[in-house]
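Next comes data-v9.pdb, with PDB, C-alpha atoms and all ligand atoms.
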```pdb
ATOM      1  CA  MET A  58     115.506 142.731 140.457
ATOM      2  CA  VAL A  59     115.069 141.065 143.755
ATOM      3  CA  ILE A  60     112.447 138.764 142.333
ATOM      4  CA  LEU A  61     114.666 137.779 139.385
ATOM      5  CA  CYS A  62     117.614 136.991 141.649
ATOM      6  CA  GLY A  63     115.381 134.923 143.860
ATOM      7  CA  ALA A  64     113.997 132.959 140.933
ATOM      8  CA  THR A  65     117.498 132.275 139.644
ATOM      9  CA  ALA A  66     118.622 131.119 143.045
ATOM     10  CA  VAL A  67     115.681 128.771 143.367
ATOM     11  CA  LEU A  68     116.337 127.344 139.896
ATOM     12  CA  LEU A  69     120.037 126.810 140.595
ATOM     13  CA  PHE A  70     119.211 125.177 143.880
ATOM     14  CA  ALA A  71     116.713 122.891 142.261
ATOM     15  CA  VAL A  72     119.132 121.743 139.561
ATOM     16  CA  ALA A  73     122.111 121.395 141.863
ATOM     17  CA  GLY A  74     120.118 119.701 144.521
ATOM     18  CA  CYS A  75     118.411 117.104 142.383
ATOM     19  CA  GLU A  76     120.703 114.400 141.143
ATOM     20  CA  LEU A  77     117.868 112.722 139.260
ATOM     21  CA  VAL A  78     117.419 115.567 136.729
ATOM     22  CA  GLN A  79     118.007 114.079 133.277
ATOM     23  CA  PRO A  80     118.897 115.844 130.070
ATOM     24  CA  GLY A  81     116.142 115.877 127.433
ATOM     25  CA  PRO A  82     116.418 114.038 124.134
ATOM     26  CA  ALA A  83     118.541 115.248 121.195
ATOM     27  CA  ALA A  84     116.778 114.594 117.903
ATOM     28  CA  ASP A  85     118.693 113.558 114.827
ATOM     29  CA  PHE A  86     118.020 111.209 111.959
ATOM     30  CA  SER A  87     119.484 109.614 108.872
ATOM     31  CA  ILE A  88     118.126 109.537 105.329
ATOM     32  CA  SER A  89     118.788 106.793 102.821
ATOM     33  CA  PRO A  90     119.510 106.655 100.022
ATOM     34  CA  ILE A  91     121.484 109.890  99.908
ATOM     35  CA  VAL A  92     120.146 110.833  96.454
ATOM     36  CA  ILE A  93     116.351 111.049  96.463
ATOM     37  CA  TYR A  94     114.207 110.951  93.327
ATOM     38  CA  ALA A  95     110.635 112.141  92.932
ATOM     39  CA  GLY A  96     108.115 109.341  93.338
ATOM     40  CA  GLU A  97     110.610 106.895  94.800
ATOM     41  CA  THR A  98     110.625 105.599  98.372
ATOM     42  CA  PHE A  99     113.348 106.583 100.804
ATOM     43  CA  GLU A 100     113.839 105.701 104.473
ATOM     44  CA  LEU A 101     114.035 107.980 107.474
ATOM     45  CA  ASP A 102     115.622 106.556 110.604
ATOM     46  CA  GLY A 103     115.269 108.415 113.896
ATOM     47  CA  SER A 104     117.291 105.831 115.846
ATOM     48  CA  VAL A 105     120.110 108.331 116.199
ATOM     49  CA  ALA A 106     118.008 110.425 118.580
ATOM     50  CA  VAL A 107     119.524 110.087 122.059
ATOM     51  CA  GLY A 108     118.516 110.975 125.599
ATOM     52  CA  SER A 109     118.774 109.536 129.058
ATOM     53  CA  ALA A 110     115.070 108.718 129.141
ATOM     54  CA  SER A 111     113.532 106.451 126.569
ATOM     55  CA  ILE A 112     111.988 108.151 123.564
ATOM     56  CA  VAL A 113     108.299 107.465 123.261
ATOM     57  CA  SER A 114     107.320 109.331 120.113
ATOM     58  CA  TYR A 115     108.838 110.227 116.736
ATOM     59  CA  ARG A 116     106.853 112.690 114.629
ATOM     60  CA  TRP A 117     107.904 113.715 111.139
ATOM     61  CA  SER A 118     106.696 116.688 109.181
ATOM     62  CA  PHE A 119     107.660 117.654 105.631
ATOM     63  CA  SER A 120     107.506 121.092 104.086
ATOM     64  CA  ASP A 121     105.000 119.795 101.505
ATOM     65  CA  GLY A 122     102.551 119.049 104.330
ATOM     66  CA  GLN A 123     103.112 115.318 104.811
ATOM     67  CA  THR A 124     103.276 113.993 108.365
ATOM     68  CA  LEU A 125     104.394 110.562 109.596
ATOM     69  CA  VAL A 126     104.812 108.830 112.945
ATOM     70  CA  GLY A 127     107.393 106.207 113.894
ATOM     71  CA  ARG A 128     111.064 105.685 114.576
ATOM     72  CA  GLN A 129     111.750 104.299 111.096
ATOM     73  CA  VAL A 130     109.437 105.339 108.283
ATOM     74  CA  ASN A 131     109.316 105.125 104.512
ATOM     75  CA  ALA A 132     108.388 108.249 102.616
ATOM     76  CA  THR A 133     108.019 109.637  99.101
ATOM     77  CA  PHE A 134     108.050 113.100  97.590
ATOM     78  CA  PRO A 135     105.871 112.946  94.483
ATOM     79  CA  PHE A 136     107.430 116.028  92.881
ATOM     80  CA  PRO A 137     111.029 117.219  92.464
ATOM     81  CA  GLY A 138     112.173 120.248  94.418
ATOM     82  CA  THR A 139     113.822 121.332  97.639
ATOM     83  CA  TYR A 140     112.078 120.317 100.866
ATOM     84  CA  SER A 141     112.686 120.299 104.586
ATOM     85  CA  ILE A 142     112.145 117.253 106.794
ATOM     86  CA  ALA A 143     111.639 117.834 110.516
ATOM     87  CA  LEU A 144     111.724 115.184 113.254
ATOM     88  CA  THR A 145     110.332 115.916 116.705
ATOM     89  CA  VAL A 146     111.031 113.371 119.436
ATOM     90  CA  GLU A 147     109.516 113.211 122.892
ATOM     91  CA  ASP A 148     110.863 111.187 125.810
ATOM     92  CA  ALA A 149     109.119 109.508 128.710
ATOM     93  CA  ASN A 150     109.472 112.679 130.784
ATOM     94  CA  GLY A 151     107.675 114.785 128.201
ATOM     95  CA  ASN A 152     110.839 116.542 127.010
ATOM     96  CA  ARG A 153     110.983 117.281 123.296
ATOM     97  CA  ASP A 154     113.585 118.155 120.707
ATOM     98  CA  SER A 155     113.451 118.758 116.966
ATOM     99  CA  GLU A 156     115.894 118.506 114.075
ATOM    100  CA  THR A 157     115.400 119.659 110.484
ATOM    101  CA  HIS A 158     117.297 118.644 107.343
ATOM    102  CA  GLN A 159     116.965 120.048 103.825
ATOM    103  CA  VAL A 160     116.735 117.567 100.968
ATOM    104  CA  ILE A 161     116.764 118.032  97.205
ATOM    105  CA  VAL A 162     114.441 115.701  95.330
ATOM    106  CA  TYR A 163     115.638 115.056  91.785
ATOM    107  CA  THR A 164     113.982 113.779  88.619
ATOM    108  CA  ARG A 165     115.054 110.451  87.180
ATOM    109  CA  THR A 166     117.184 110.700  84.062
ATOM    110  CA  GLY A 167     114.996 110.059  81.038
ATOM    111  CA  THR A 168     111.952 111.805  82.452
ATOM    112  CA  VAL A 169     109.979 113.801  79.907
ATOM    113  CA  ILE A 170     109.029 117.167  81.395
ATOM    114  CA  LEU A 171     107.141 118.386  78.328
ATOM    115  CA  ASN A 172     106.080 116.719  75.087
ATOM    116  CA  GLU A 173     103.957 118.948  72.871
ATOM    117  CA  ASN A 174     103.037 117.672  69.408
ATOM    118  CA  PHE A 175      99.841 119.752  69.022
ATOM    119  CA  ALA A 176      97.948 116.501  68.343
ATOM    120  CA  ASP A 177      94.753 117.799  69.932
ATOM    121  CA  GLY A 178      94.463 120.667  67.504
ATOM    122  CA  ASP A 179      93.030 123.955  68.650
ATOM    123  CA  LEU A 180      93.102 122.876  72.289
ATOM    124  CA  ALA A 181      96.858 123.303  72.084
ATOM    125  CA  LEU A 182      96.432 127.007  71.427
ATOM    126  CA  ALA A 183      95.012 127.356  74.900
ATOM    127  CA  ARG A 184      98.170 125.815  76.319
ATOM    128  CA  TRP A 185     100.417 128.002  74.171
ATOM    129  CA  VAL A 186      99.352 131.397  75.352
ATOM    130  CA  LEU A 187      99.479 134.458  73.140
ATOM    131  CA  ASP A 188     101.952 137.071  74.252
ATOM    132  CA  PRO A 189      99.557 140.031  74.338
ATOM    133  CA  THR A 190     102.296 142.609  74.020
ATOM    134  CA  TRP A 191     103.145 141.568  70.490
ATOM    135  CA  ALA A 192     100.263 140.408  68.340
ATOM    136  CA  SER A 193      96.586 139.853  67.772
ATOM    137  CA  ALA A 194      94.830 136.626  68.565
ATOM    138  CA  ASN A 195      94.332 135.489  64.963
ATOM    139  CA  ASP A 196      97.995 135.326  64.047
ATOM    140  CA  ALA A 197      98.443 131.640  64.746
ATOM    141  CA  GLN A 198      96.519 128.424  64.251
ATOM    142  CA  ILE A 199      96.941 124.683  64.242
ATOM    143  CA  GLU A 200      97.335 123.125  60.816
ATOM    144  CA  PHE A 201      97.371 119.498  59.774
ATOM    145  CA  ILE A 202     100.220 118.595  57.449
ATOM    146  CA  LEU A 203      99.780 115.374  55.465
ATOM    147  CA  GLY A 204     102.648 112.966  55.359
ATOM    148  CA  GLY A 205     104.523 114.920  57.940
ATOM    149  CA  PRO A 206     104.084 115.626  61.588
ATOM    150  CA  GLY A 207     100.289 115.905  61.577
ATOM    151  CA  ASN A 208      99.147 118.905  63.550
ATOM    152  CA  ALA A 209     101.664 121.708  63.963
ATOM    153  CA  LEU A 210     101.514 125.235  65.256
ATOM    154  CA  TYR A 211     101.393 127.596  62.291
ATOM    155  CA  VAL A 212     102.610 131.101  63.104
ATOM    156  CA  HIS A 213     102.023 133.768  60.514
ATOM    157  CA  SER A 214     102.352 137.290  61.722
ATOM    158  CA  ALA A 215     101.034 139.371  58.862
ATOM    159  CA  ALA A 216     102.478 142.675  59.908
ATOM    160  CA  SER A 217     105.832 144.046  60.905
ATOM    161  CA  ARG A 218     105.654 142.803  64.431
ATOM    162  CA  TRP A 219     106.290 139.690  66.445
ATOM    163  CA  HIS A 220     103.783 137.001  67.014
ATOM    164  CA  ARG A 221     104.799 134.952  70.010
ATOM    165  CA  ARG A 222     103.303 132.153  72.028
ATOM    166  CA  TYR A 223     104.615 130.744  75.251
ATOM    167  CA  HIS A 224     104.172 127.855  77.634
ATOM    168  CA  ALA A 225     105.292 127.699  81.250
ATOM    169  CA  ILE A 226     107.130 124.708  82.673
ATOM    170  CA  GLU A 227     108.865 124.028  85.939
ATOM    171  CA  LEU A 228     112.389 122.727  85.558
ATOM    172  CA  PRO A 229     113.433 120.378  88.352
ATOM    173  CA  PRO A 230     116.717 120.704  90.223
ATOM    174  CA  LEU A 231     119.512 119.050  88.260
ATOM    175  CA  ARG A 232     121.687 116.468  89.943
ATOM    176  CA  VAL A 233     125.382 116.624  89.105
ATOM    177  CA  GLY A 234     125.725 115.021  85.690
ATOM    178  CA  GLN A 235     122.154 115.691  84.577
ATOM    179  CA  LYS A 236     121.237 118.017  81.738
ATOM    180  CA  ALA A 237     117.997 119.605  80.618
ATOM    181  CA  VAL A 238     117.424 119.047  76.903
ATOM    182  CA  PHE A 239     115.029 121.335  75.007
ATOM    183  CA  SER A 240     114.221 120.498  71.406
ATOM    184  CA  CYS A 241     111.787 121.761  68.809
ATOM    185  CA  ARG A 242     111.104 120.978  65.162
ATOM    186  CA  ILE A 243     110.756 124.093  63.047
ATOM    187  CA  MET A 244     109.858 124.531  59.370
ATOM    188  CA  ALA A 245     110.226 127.908  57.706
ATOM    189  CA  LEU A 246     108.267 129.027  54.661
ATOM    190  CA  ARG A 247     110.705 131.776  53.897
ATOM    191  CA  ASN A 248     110.470 132.973  50.333
ATOM    192  CA  GLN A 249     110.364 136.740  50.548
ATOM    193  CA  ASP A 250     111.933 139.559  52.472
ATOM    194  CA  PHE A 251     112.435 140.162  56.136
ATOM    195  CA  HIS A 252     111.626 137.092  58.167
ATOM    196  CA  THR A 253     112.555 136.179  61.712
ATOM    197  CA  TYR A 254     111.666 133.286  63.902
ATOM    198  CA  LEU A 255     112.486 132.389  67.437
ATOM    199  CA  PHE A 256     112.936 129.407  69.706
ATOM    200  CA  ALA A 257     113.596 130.505  73.285
ATOM    201  CA  PRO A 258     113.540 127.358  75.410
ATOM    202  CA  ALA A 259     113.805 128.900  78.862
ATOM    203  CA  ARG A 260     113.142 132.495  79.634
ATOM    204  CA  ALA A 261     112.820 133.501  83.267
ATOM    205  CA  GLU A 262     110.208 136.183  82.575
ATOM    206  CA  LEU A 263     108.189 136.920  79.476
ATOM    207  CA  ASP A 264     109.138 140.597  79.242
ATOM    208  CA  THR A 265     112.783 140.550  80.247
ATOM    209  CA  LEU A 266     115.891 138.601  79.352
ATOM    210  CA  VAL A 267     117.388 138.863  82.827
ATOM    211  CA  GLY A 268     118.273 135.421  84.108
ATOM    212  CA  SER A 269     117.263 133.696  80.875
ATOM    213  CA  LEU A 270     119.081 130.960  78.990
ATOM    214  CA  PRO A 271     120.608 131.161  75.509
ATOM    215  CA  TYR A 272     118.071 130.973  72.693
ATOM    216  CA  PHE A 273     117.881 130.666  68.898
ATOM    217  CA  LEU A 274     116.938 133.428  66.482
ATOM    218  CA  PHE A 275     116.886 133.354  62.692
ATOM    219  CA  SER A 276     116.781 136.641  60.833
ATOM    220  CA  ASN A 277     117.429 136.837  57.137
ATOM    221  CA  GLU A 278     117.469 140.618  57.466
ATOM    222  CA  ARG A 279     120.738 140.156  59.290
ATOM    223  CA  ASP A 280     121.972 137.298  57.149
ATOM    224  CA  GLY A 281     121.636 134.303  59.276
ATOM    225  CA  SER A 282     120.989 132.337  62.381
ATOM    226  CA  TYR A 283     122.076 133.406  65.818
ATOM    227  CA  VAL A 284     122.356 131.918  69.230
ATOM    228  CA  HIS A 285     121.733 134.761  71.642
ATOM    229  CA  ILE A 286     123.237 134.642  75.106
ATOM    230  CA  PRO A 287     121.521 136.905  77.634
ATOM    231  CA  THR A 288     123.702 138.716  80.124
ATOM    232  CA  ARG A 289     123.035 139.340  83.768
ATOM    233  CA  LEU A 290     121.957 142.872  82.869
ATOM    234  CA  GLY A 291     119.270 141.662  80.492
ATOM    235  CA  THR A 292     120.899 142.566  77.196
ATOM    236  CA  ASP A 293     122.098 139.758  74.990
ATOM    237  CA  ILE A 294     124.867 139.028  72.553
ATOM    238  CA  GLY A 295     124.113 137.388  69.224
ATOM    239  CA  HIS A 296     126.555 134.730  68.057
ATOM    240  CA  LEU A 297     126.253 134.289  64.301
ATOM    241  CA  ILE A 298     126.239 130.706  63.093
ATOM    242  CA  SER A 299     126.491 129.853  59.438
ATOM    243  CA  TYR A 300     123.311 127.807  59.295
ATOM    244  CA  GLU A 301     120.801 128.824  56.622
ATOM    245  CA  PRO A 302     117.399 127.132  57.007
ATOM    246  CA  ASP A 303     115.824 125.981  53.768
ATOM    247  CA  VAL A 304     112.122 126.305  53.161
ATOM    248  CA  TYR A 305     109.491 123.592  53.441
ATOM    249  CA  ARG A 306     111.769 121.307  55.403
ATOM    250  CA  TRP A 307     111.696 120.406  59.054
ATOM    251  CA  HIS A 308     114.798 120.764  61.176
ATOM    252  CA  THR A 309     115.250 119.887  64.821
ATOM    253  CA  TYR A 310     116.753 122.559  67.045
ATOM    254  CA  THR A 311     118.134 121.388  70.374
ATOM    255  CA  PHE A 312     119.582 123.162  73.361
ATOM    256  CA  VAL A 313     121.347 121.108  76.006
ATOM    257  CA  TYR A 314     121.920 122.836  79.328
ATOM    258  CA  ASP A 315     123.671 121.708  82.423
ATOM    259  CA  ARG A 316     124.300 123.908  85.408
ATOM    260  CA  ASP A 317     127.421 125.518  83.961
ATOM    261  CA  SER A 318     127.255 125.354  80.181
ATOM    262  CA  PHE A 319     125.129 124.876  77.084
ATOM    263  CA  GLU A 320     125.429 123.352  73.622
ATOM    264  CA  PHE A 321     123.228 124.034  70.599
ATOM    265  CA  PHE A 322     122.490 121.515  67.860
ATOM    266  CA  ILE A 323     120.567 121.524  64.602
ATOM    267  CA  ASP A 324     119.706 118.026  63.373
ATOM    268  CA  ASP A 325     122.257 116.575  65.777
ATOM    269  CA  VAL A 326     125.065 118.761  64.402
ATOM    270  CA  SER A 327     126.680 120.897  67.089
ATOM    271  CA  TRP A 328     126.856 124.587  66.166
ATOM    272  CA  LEU A 329     127.826 126.420  69.334
ATOM    273  CA  ASP A 330     128.671 125.772  72.943
ATOM    274  CA  GLY A 331     129.574 128.027  75.800
ATOM    275  CA  ALA A 332     129.330 128.827  79.466
ATOM    276  CA  LEU A 333     126.136 129.819  81.230
ATOM    277  CA  ASP A 334     126.214 133.161  82.963
ATOM    278  CA  GLY A 335     125.496 132.449  86.594
ATOM    279  CA  ASP A 336     123.721 129.661  88.335
ATOM    280  CA  VAL A 337     120.379 129.846  86.595
ATOM    281  CA  PHE A 338     119.599 126.189  87.123
ATOM    282  CA  ASP A 339     119.823 126.565  90.875
ATOM    283  CA  ASP A 340     116.429 128.195  90.613
ATOM    284  CA  SER A 341     113.691 125.649  89.982
ATOM    285  CA  SER A 342     111.009 128.284  89.526
ATOM    286  CA  ILE A 343     108.710 128.605  86.533
ATOM    287  CA  TRP A 344     110.370 128.985  83.131
ATOM    288  CA  THR A 345     108.863 130.092  79.858
ATOM    289  CA  ILE A 346     109.308 128.419  76.496
ATOM    290  CA  LEU A 347     108.774 131.107  73.866
ATOM    291  CA  ILE A 348     108.230 130.556  70.141
ATOM    292  CA  GLY A 349     107.438 133.166  67.570
ATOM    293  CA  GLU A 350     107.693 134.708  64.161
ATOM    294  CA  GLU A 351     107.867 138.117  62.594
ATOM    295  CA  SER A 352     107.561 139.038  58.943
ATOM    296  CA  LEU A 353     106.497 141.837  56.670
ATOM    297  CA  THR A 354     104.496 139.640  54.344
ATOM    298  CA  GLU A 355     102.034 136.760  54.481
ATOM    299  CA  THR A 356     104.472 134.525  52.659
ATOM    300  CA  CYS A 357     106.936 134.370  55.523
ATOM    301  CA  ASN A 358     105.757 131.842  58.008
ATOM    302  CA  ALA A 359     107.002 129.346  60.526
ATOM    303  CA  TYR A 360     105.725 126.016  61.822
ATOM    304  CA  PHE A 361     106.598 124.566  65.193
ATOM    305  CA  ASP A 362     106.147 120.986  66.347
ATOM    306  CA  ASP A 363     107.402 118.310  68.737
ATOM    307  CA  ILE A 364     108.566 120.568  71.515
ATOM    308  CA  ARG A 365     110.225 118.432  74.163
ATOM    309  CA  VAL A 366     111.957 118.933  77.453
ATOM    310  CA  THR A 367     113.694 115.897  78.914
ATOM    311  CA  ILE A 368     116.221 115.219  81.642
ATOM    312  CA  GLN A 369     119.320 113.442  80.357
ATOM    313  CA  GLU A 370     122.798 112.519  81.525
TER
HETATM  314 CA    CA A 401     102.534 117.370  65.445
END
```

Kindly present the structure from the file in structure tokens form.
Amino acid sequence: MVILCGATAVLLFAVAGCELVQPGPAADFSISPIVIYAGETFELDGSVAVGSASIVSYRWSFSDGQTLVGRQVNATFPFPGTYSIALTVEDANGNRDSETHQVIVYTRTGTVILNENFADGDLALARWVLDPTWASANDAQIEFILGGPGNALYVHSAASRWHRRYHAIELPPLRVGQKAVFSCRIMALRNQDFHTYLFAPARAELDTLVGSLPYFLFSNERDGSYVHIPTRLGTDIGHLISYEPDVYRWHTYTFVYDRDSFEFFIDDVSWLDGALDGDVFDDSSIWTILIGEESLTETCNAYFDDIRVTIQE
């Protein structure tokens, strides 16, 4: 106790008795432009750092590992996401201060996140991974269709079970006004009993619906097409739409999502819209596009092609 009091007294004496003691620097900086896009240059300006002694060094570090030196610097984040930018300044007396700002790096409108047309044949099967909980490995293949879309993914579950394939993508953060557009061309060869096919454009996890987005399901066992809307608890509610897919004809299924709502189209005709449950698009983690088919007979089949994810206004 005595030692602590003495140290405090010495410190107070030193500060009070030295009129030349100067406050250290206070780091701060500006970022322009305010909205930052992946791959595009923005400027960092540390001129707003102040202190009574001149500042001799400006060091920048980004949460993706980039480092820069200089009062004014140009920088680029190659990928969309949420990052931190830290500036550390040091003055002529060796005093330092740091300031950190969070930035969201967006994707330019019009950017194609995914464009899968299965053009490279069987190599595409490696990208579209079999869901091992549902089917055997031989229940899908790539087929070439003359006069049509060329290669397409042919899904033909030959037993009363699902065959599903999936592909992981990372959705970027959406700026206000931007939407994520998922579309897929599907052709059904439905000419017998029980047949179901699925287009689930963004599922949070493969084995649960929790946190997933609305998806499309056709089931002629239950008389029609449904848009299913998952709830926060992981169940979902099917909304019957009156669309009846005809056989041997391609149709384009499109989901448009913004941060608060969705709309579902078939061949550019709007069938259903609604609110999204929660703020699912605030999470830019990995999402799963899931496609699949289930039938009792070999003659119920589905083809998938031209799966696209784009960012639109
Ligand atoms: Ca194709």

Shell of 8 Å around Asn208 in chain A, all atoms listed in the file, local chain residues under 2 positions omitted, as a PyMOL selection string: chain A and resi 174-178+199-202+206+210+362

For the selection you just gave me, I'd like the residues written to a file as a PDB file, keeping the file's coordinate frame, keeping C-alpha atoms.
```
ATOM      1  CA  ASN A 174     103.037 117.672  69.408  1.00  0.00           C
ATOM      2  CA  PHE A 175      99.841 119.752  69.022  1.00  0.00           C
ATOM      3  CA  ALA A 176      97.948 116.501  68.343  1.00  0.00           C
ATOM      4  CA  ASP A 177      94.753 117.799  69.932  1.00  0.00           C
ATOM      5  CA  GLY A 178      94.463 120.667  67.504  1.00  0.00           C
ATOM      6  CA  ILE A 199      96.941 124.683  64.242  1.00  0.00           C
ATOM      7  CA  GLU A 200      97.335 123.125  60.816  1.00  0.00           C
ATOM      8  CA  PHE A 201      97.371 119.498  59.774  1.00  0.00           C
ATOM      9  CA  ILE A 202     100.220 118.595  57.449  1.00  0.00           C
ATOM     10  CA  PRO A 206     104.084 115.626  61.588  1.00  0.00           C
ATOM     11  CA  LEU A 210     101.514 125.235  65.256  1.00  0.00           C
ATOM     12  CA  ASP A 362     106.147 120.986  66.347  1.00  0.00           C
TER      13      ASP A 362
END
```

With the file shown as input, list the residues that the PyMOL selection byres (((chain A and resi 280) around 12) and not hetatm) selects, as a PDB file with C-alpha atoms, in the frame of the given file.
```pdb
ATOM      1  CA  ASP A 250     111.933 139.559  52.472  1.00  0.00           C
ATOM      2  CA  PHE A 251     112.435 140.162  56.136  1.00  0.00           C
ATOM      3  CA  HIS A 252     111.626 137.092  58.167  1.00  0.00           C
ATOM      4  CA  THR A 253     112.555 136.179  61.712  1.00  0.00           C
ATOM      5  CA  LEU A 274     116.938 133.428  66.482  1.00  0.00           C
ATOM      6  CA  PHE A 275     116.886 133.354  62.692  1.00  0.00           C
ATOM      7  CA  SER A 276     116.781 136.641  60.833  1.00  0.00           C
ATOM      8  CA  ASN A 277     117.429 136.837  57.137  1.00  0.00           C
ATOM      9  CA  GLU A 278     117.469 140.618  57.466  1.00  0.00           C
ATOM     10  CA  ARG A 279     120.738 140.156  59.290  1.00  0.00           C
ATOM     11  CA  GLY A 281     121.636 134.303  59.276  1.00  0.00           C
ATOM     12  CA  SER A 282     120.989 132.337  62.381  1.00  0.00           C
ATOM     13  CA  TYR A 283     122.076 133.406  65.818  1.00  0.00           C
ATOM     14  CA  LEU A 297     126.253 134.289  64.301  1.00  0.00           C
ATOM     15  CA  ILE A 298     126.239 130.706  63.093  1.00  0.00           C
ATOM     16  CA  SER A 299     126.491 129.853  59.438  1.00  0.00           C
ATOM     17  CA  TYR A 300     123.311 127.807  59.295  1.00  0.00           C
ATOM     18  CA  GLU A 301     120.801 128.824  56.622  1.00  0.00           C
ATOM     19  CA  PRO A 302     117.399 127.132  57.007  1.00  0.00           C
TER      20      PRO A 302
END
```

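The coordinates place CA of Tyr140 in chain A at 16.6 Å from CA of Arg116 in chain A.
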
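The residue set within 7 Å of Val162 in chain A, counting all atoms listed in the file and dropping same-chain residues fewer than 3 places from it, reads A:Ile93, A:Tyr94, A:Ala95, A:Pro137, A:Gly138, A:Thr139.
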
Within-9 Å shell of (98.3, 139.4, 63.7) in input frame, all atoms listed in the file, as an MDAnalysis selection string: chainID A and resid 191:197 213:216 218:220

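Straight-line separation from CA of Ser118 in chain A to CA of Val160 in chain A: 13.0 Å.
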